Every structure is written in C-alpha cells, then in structure tokens.
Amino acid sequence: TSIDKEFASLLVSLCNDDDMQVLRNLACNPNVSVDDCFDLQQPLHQAILADYSEAPHTLRTLAGMEDDDLLLSVATNKFTPADVLSSLAGSTNGTVRMNVARNFATPPSVLEQLLSDTQAGVRHSAAVNEHTPAAALVLETLASD
C-alpha cells in the first residue's frame, strides 16, 4: 500500500541521521533492510550493527571481517547465530572467547569446550553461564582437583 511505501521511505531517510540512538533503533528494527540502510564499509555502521543487529546474515558478515572490535561485539550480541559463536570460540583473542562464553545464545557444547580454555576469565565466564551443562561443570571441577 502507499502507507507502507511511505513508511519504508521514512525509515530509509532516517539512515542518514547523525544521531547514534536513531541509528541503533534502526539496526534493531526488523522492517529496516540493513543492505538499504547501512554501509558496511563505514566503521560507525559496522559497530552499531555488531552491537544491535538482529539479522543473522549481517552478524555473519561482520564476523567475517576479522576486526577484533567487531568480533568482541558480535560475540556479545544475543542474536548471533550458534555457528558464528562456535567459530568465534576458537578465536586467538581471549576476550572474544570470554564474550562467547558469556553469551546465553552460545550452544551448550561450545560452553563445555570453553570450560577447558587456557584463560581463567574464559573458564569463569563459561562456568557462570546458565546454559553450561551441569554435568560439564562437575567434570571440570573434578578434573581440576
């Protein structure tokens, strides 16, 4: 309908807004096409999308850019797909792995692996994640005794 087209046009026009909160809200809005609204070559747009996007395709794209700041945000985003979190769990950056361990969307099997990480902060984050299997916590405790 013409109202839908007007609304879509208004949303796209907001993509040029300088206000950070407006851009964050657009990134969260499922009616906004990320491809039409955001330039993935702009660091500001990348950062906003890594933190606020709910679009799996966008988060996969950002994770593939291999920028540590973006990876930290993608690892924290609760909408990051499980396969991306699984991949990020193998990052050489301990803070990225710690963010994966903190993310409630991380698959239990990945959390179980992170319990054996070389960095204590990663192990701690996996241990306090409510989605870490209880049996894995018990086995990890016994193994450290």
# chains A, B, ... in the order shown; residues from 1 in each chain; ligands from 1

call {"tool": "residues_around", "arguments": {"residues": "Glu66 in chain A", "least_positions_apart": "2", "cutoff": "12 Å", "atoms": "only C-alpha atoms", "output": "list in words"}}
result
Gln46, Leu59, Arg60, Thr61, Leu62, Ala63, Gly64, Asp68, Asp69, Leu70, Leu71, Leu72, Ser73, Val74, Ala75, Ser87, Leu88, Ser91, Thr92, Asn93 and Val96 of chain A

call {"tool": "residues_around", "arguments": {"residues": "Ser125 in chain A", "least_positions_apart": "4", "cutoff": "10 Å", "atoms": "only C-alpha atoms", "output": "tab-separated table (two decimals) with C-alpha atoms, in the first residue's frame"}}
result
chain	number	residue	atom	x	y	z
A	97	ARG	CA	36.28	-16.19	23.65
A	98	MET	CA	35.21	-14.74	27.01
A	99	ASN	CA	32.36	-12.84	25.33
A	100	VAL	CA	31.28	-16.04	23.60
A	101	ALA	CA	31.31	-17.81	26.97
A	102	ARG	CA	29.10	-15.07	28.47
A	103	ASN	CA	26.58	-15.14	25.62
A	111	LEU	CA	30.34	-23.70	26.59
A	114	LEU	CA	35.29	-23.22	26.87
A	115	LEU	CA	35.41	-24.67	30.40
A	120	ALA	CA	40.82	-18.30	33.56
A	121	GLY	CA	38.43	-15.47	32.55
A	129	ASN	CA	26.67	-19.11	32.04
A	130	GLU	CA	23.33	-20.64	32.96
A	132	THR	CA	26.50	-24.57	30.58

call {"tool": "residues_around", "arguments": {"residues": "range 18-26 of chain A", "least_positions_apart": "3", "cutoff": "10 Å", "atoms": "only C-alpha atoms", "output": "mmCIF file with all heavy atoms, in the first residue's frame"}}
result
data_model
loop_
_atom_site.group_PDB
_atom_site.id
_atom_site.type_symbol
_atom_site.label_atom_id
_atom_site.label_comp_id
_atom_site.auth_asym_id
_atom_site.auth_seq_id
_atom_site.Cartn_x
_atom_site.Cartn_y
_atom_site.Cartn_z
ATOM 1 N N LEU A 11 11.765 5.374 6.904
ATOM 2 C CA LEU A 11 12.804 4.619 7.600
ATOM 3 C C LEU A 11 14.156 4.759 6.899
ATOM 4 O O LEU A 11 15.176 4.976 7.540
ATOM 5 C CB LEU A 11 12.418 3.141 7.709
ATOM 6 C CG LEU A 11 11.343 2.791 8.731
ATOM 7 C CD1 LEU A 11 11.003 1.309 8.649
ATOM 8 C CD2 LEU A 11 11.773 3.148 10.137
ATOM 9 N N VAL A 12 14.144 4.647 5.572
ATOM 10 C CA VAL A 12 15.391 4.766 4.817
ATOM 11 C C VAL A 12 15.969 6.169 4.959
ATOM 12 O O VAL A 12 17.185 6.339 5.084
ATOM 13 C CB VAL A 12 15.182 4.370 3.340
ATOM 14 C CG1 VAL A 12 16.406 4.714 2.503
ATOM 15 C CG2 VAL A 12 14.886 2.883 3.234
ATOM 16 N N LEU A 14 15.837 8.009 7.502
ATOM 17 C CA LEU A 14 16.447 8.097 8.831
ATOM 18 C C LEU A 14 17.857 7.506 8.861
ATOM 19 O O LEU A 14 18.626 7.785 9.771
ATOM 20 C CB LEU A 14 15.569 7.399 9.869
ATOM 21 C CG LEU A 14 14.279 8.109 10.245
ATOM 22 C CD1 LEU A 14 13.437 7.218 11.150
ATOM 23 C CD2 LEU A 14 14.562 9.439 10.917
ATOM 24 N N CYS A 15 18.187 6.706 7.884
ATOM 25 C CA CYS A 15 19.521 6.091 7.831
ATOM 26 C C CYS A 15 20.628 7.133 7.711
ATOM 27 O O CYS A 15 21.779 6.851 8.020
ATOM 28 C CB CYS A 15 19.610 5.129 6.659
ATOM 29 S SG CYS A 15 18.485 3.734 6.815
ATOM 30 N N ASN A 29 15.367 -2.588 14.161
ATOM 31 C CA ASN A 29 14.039 -2.638 13.553
ATOM 32 C C ASN A 29 13.998 -3.679 12.432
ATOM 33 O O ASN A 29 14.716 -3.553 11.438
ATOM 34 C CB ASN A 29 13.670 -1.255 13.005
ATOM 35 C CG ASN A 29 12.238 -1.173 12.543
ATOM 36 O OD1 ASN A 29 11.678 -2.139 12.031
ATOM 37 N ND2 ASN A 29 11.641 -0.014 12.708
ATOM 38 N N PRO A 30 13.170 -4.717 12.565
ATOM 39 C CA PRO A 30 13.112 -5.759 11.533
ATOM 40 C C PRO A 30 12.534 -5.259 10.207
ATOM 41 O O PRO A 30 12.661 -5.932 9.186
ATOM 42 C CB PRO A 30 12.217 -6.838 12.159
ATOM 43 C CG PRO A 30 11.416 -6.124 13.183
ATOM 44 C CD PRO A 30 12.260 -4.982 13.672
ATOM 45 N N ASN A 31 11.913 -4.085 10.212
ATOM 46 C CA ASN A 31 11.359 -3.533 8.976
ATOM 47 C C ASN A 31 12.394 -2.755 8.168
ATOM 48 O O ASN A 31 12.100 -2.286 7.071
ATOM 49 C CB ASN A 31 10.179 -2.608 9.288
ATOM 50 C CG ASN A 31 9.028 -3.358 9.907
ATOM 51 O OD1 ASN A 31 8.634 -4.396 9.406
ATOM 52 N ND2 ASN A 31 8.518 -2.854 11.009
ATOM 53 N N VAL A 32 13.584 -2.613 8.702
ATOM 54 C CA VAL A 32 14.639 -1.876 8.022
ATOM 55 C C VAL A 32 15.575 -2.868 7.346
ATOM 56 O O VAL A 32 16.107 -3.771 7.990
ATOM 57 C CB VAL A 32 15.429 -0.991 9.011
ATOM 58 C CG1 VAL A 32 16.622 -0.340 8.330
ATOM 59 C CG2 VAL A 32 14.530 0.063 9.616
ATOM 60 N N SER A 33 15.781 -2.686 6.058
ATOM 61 C CA SER A 33 16.727 -3.512 5.327
ATOM 62 C C SER A 33 18.132 -3.005 5.619
ATOM 63 O O SER A 33 18.466 -1.863 5.296
ATOM 64 C CB SER A 33 16.444 -3.436 3.825
ATOM 65 O OG SER A 33 17.518 -3.992 3.109
ATOM 66 N N VAL A 34 18.934 -3.857 6.227
ATOM 67 C CA VAL A 34 20.302 -3.469 6.563
ATOM 68 C C VAL A 34 21.058 -3.072 5.301
ATOM 69 O O VAL A 34 21.793 -2.096 5.282
ATOM 70 C CB VAL A 34 21.021 -4.624 7.304
ATOM 71 C CG1 VAL A 34 22.499 -4.353 7.455
ATOM 72 C CG2 VAL A 34 20.371 -4.840 8.655
ATOM 73 N N CYS A 37 20.080 0.424 4.252
ATOM 74 C CA CYS A 37 20.223 1.491 5.233
ATOM 75 C C CYS A 37 21.650 1.708 5.722
ATOM 76 O O CYS A 37 22.030 2.814 6.030
ATOM 77 C CB CYS A 37 19.314 1.199 6.426
ATOM 78 S SG CYS A 37 19.006 2.604 7.482
ATOM 79 N N PHE A 38 22.418 0.657 5.800
ATOM 80 C CA PHE A 38 23.733 0.764 6.409
ATOM 81 C C PHE A 38 24.833 0.450 5.396
ATOM 82 O O PHE A 38 24.690 -0.424 4.563
ATOM 83 C CB PHE A 38 23.846 -0.184 7.607
ATOM 84 C CG PHE A 38 22.997 0.230 8.763
ATOM 85 C CD1 PHE A 38 21.714 -0.263 8.918
ATOM 86 C CD2 PHE A 38 23.480 1.126 9.702
ATOM 87 C CE1 PHE A 38 20.923 0.124 9.986
ATOM 88 C CE2 PHE A 38 22.703 1.513 10.782
ATOM 89 C CZ PHE A 38 21.418 1.016 10.924
ATOM 90 N N LEU A 44 31.501 3.234 11.802
ATOM 91 C CA LEU A 44 30.395 3.535 12.713
ATOM 92 C C LEU A 44 29.221 2.601 12.463
ATOM 93 O O LEU A 44 28.654 2.042 13.407
ATOM 94 C CB LEU A 44 29.940 4.995 12.564
ATOM 95 C CG LEU A 44 28.696 5.378 13.363
ATOM 96 C CD1 LEU A 44 28.967 5.274 14.866
ATOM 97 C CD2 LEU A 44 28.238 6.782 13.002
ATOM 98 N N HIS A 45 28.881 2.384 11.218
ATOM 99 C CA HIS A 45 27.766 1.482 10.894
ATOM 100 C C HIS A 45 28.105 0.047 11.293
ATOM 101 O O HIS A 45 27.248 -0.681 11.796
ATOM 102 C CB HIS A 45 27.434 1.564 9.409
ATOM 103 C CG HIS A 45 26.694 2.812 9.037
ATOM 104 N ND1 HIS A 45 26.064 2.962 7.834
ATOM 105 C CD2 HIS A 45 26.465 3.964 9.711
ATOM 106 C CE1 HIS A 45 25.489 4.158 7.768
ATOM 107 N NE2 HIS A 45 25.732 4.782 8.903
ATOM 108 N N ALA A 47 30.037 -0.910 13.759
ATOM 109 C CA ALA A 47 29.961 -1.006 15.220
ATOM 110 C C ALA A 47 28.521 -1.067 15.704
ATOM 111 O O ALA A 47 28.174 -1.871 16.575
ATOM 112 C CB ALA A 47 30.689 0.171 15.856
ATOM 113 N N ILE A 48 27.667 -0.233 15.139
ATOM 114 C CA ILE A 48 26.257 -0.224 15.530
ATOM 115 C C ILE A 48 25.607 -1.559 15.207
ATOM 116 O O ILE A 48 24.899 -2.152 16.029
ATOM 117 C CB ILE A 48 25.508 0.936 14.851
ATOM 118 C CG1 ILE A 48 25.950 2.265 15.464
ATOM 119 C CG2 ILE A 48 23.990 0.766 14.967
ATOM 120 C CD1 ILE A 48 25.470 3.485 14.720
ATOM 121 N N LEU A 49 25.861 -2.066 14.017
ATOM 122 C CA LEU A 49 25.253 -3.337 13.618
ATOM 123 C C LEU A 49 25.779 -4.495 14.452
ATOM 124 O O LEU A 49 25.015 -5.397 14.816
ATOM 125 C CB LEU A 49 25.492 -3.587 12.130
ATOM 126 C CG LEU A 49 24.701 -2.675 11.202
ATOM 127 C CD1 LEU A 49 25.179 -2.823 9.768
ATOM 128 C CD2 LEU A 49 23.207 -2.948 11.298
ATOM 129 N N ASP A 51 26.646 -4.462 17.503
ATOM 130 C CA ASP A 51 26.024 -4.395 18.826
ATOM 131 C C ASP A 51 24.519 -4.630 18.801
ATOM 132 O O ASP A 51 23.974 -5.229 19.723
ATOM 133 C CB ASP A 51 26.279 -3.027 19.460
ATOM 134 C CG ASP A 51 27.700 -2.860 19.959
ATOM 135 O OD1 ASP A 51 28.350 -3.879 20.251
ATOM 136 O OD2 ASP A 51 28.156 -1.709 20.052
ATOM 137 N N TYR A 52 23.843 -4.148 17.765
ATOM 138 C CA TYR A 52 22.376 -4.081 17.824
ATOM 139 C C TYR A 52 21.626 -4.872 16.759
ATOM 140 O O TYR A 52 20.416 -5.032 16.868
ATOM 141 C CB TYR A 52 21.923 -2.617 17.769
ATOM 142 C CG TYR A 52 22.433 -1.827 18.939
ATOM 143 C CD1 TYR A 52 23.546 -1.007 18.823
ATOM 144 C CD2 TYR A 52 21.834 -1.939 20.189
ATOM 145 C CE1 TYR A 52 24.045 -0.308 19.913
ATOM 146 C CE2 TYR A 52 22.319 -1.247 21.281
ATOM 147 C CZ TYR A 52 23.419 -0.433 21.137
ATOM 148 O OH TYR A 52 23.903 0.254 22.216
ATOM 149 N N SER A 53 22.297 -5.355 15.750
ATOM 150 C CA SER A 53 21.584 -6.051 14.685
ATOM 151 C C SER A 53 20.975 -7.354 15.198
ATOM 152 O O SER A 53 21.560 -8.043 16.039
ATOM 153 C CB SER A 53 22.519 -6.355 13.512
ATOM 154 O OG SER A 53 21.810 -7.039 12.495
#

call {"tool": "select_by_dssp", "arguments": {"residues": "range 23-107 of chain A", "states": "alpha helix (DSSP H)", "output": "PyMOL selection string"}}
result
chain A and resi 23-28+34-37+43-52+56-63+68-76+82-88+94-102

call {"tool": "closest_residue", "arguments": {"among": "A:Ala8, A:Met65, A:Val128, A:Cys28", "to": "Leu40 in chain A", "atoms": "only C-alpha atoms"}}
result
A:Met65

call {"tool": "atom_distance", "arguments": {"atom1": "CA of Thr118 in chain A", "atom2": "CA of Ala105 in chain A"}}
result
21.9 Å

call {"tool": "atom_distance", "arguments": {"atom1": "CA of Leu10 in chain A", "atom2": "CA of Thr80 in chain A"}}
result
27.6 Å

call {"tool": "atom_distance", "arguments": {"atom1": "CA of His131 in chain A", "atom2": "CA of Thr58 in chain A"}}
result
24.8 Å
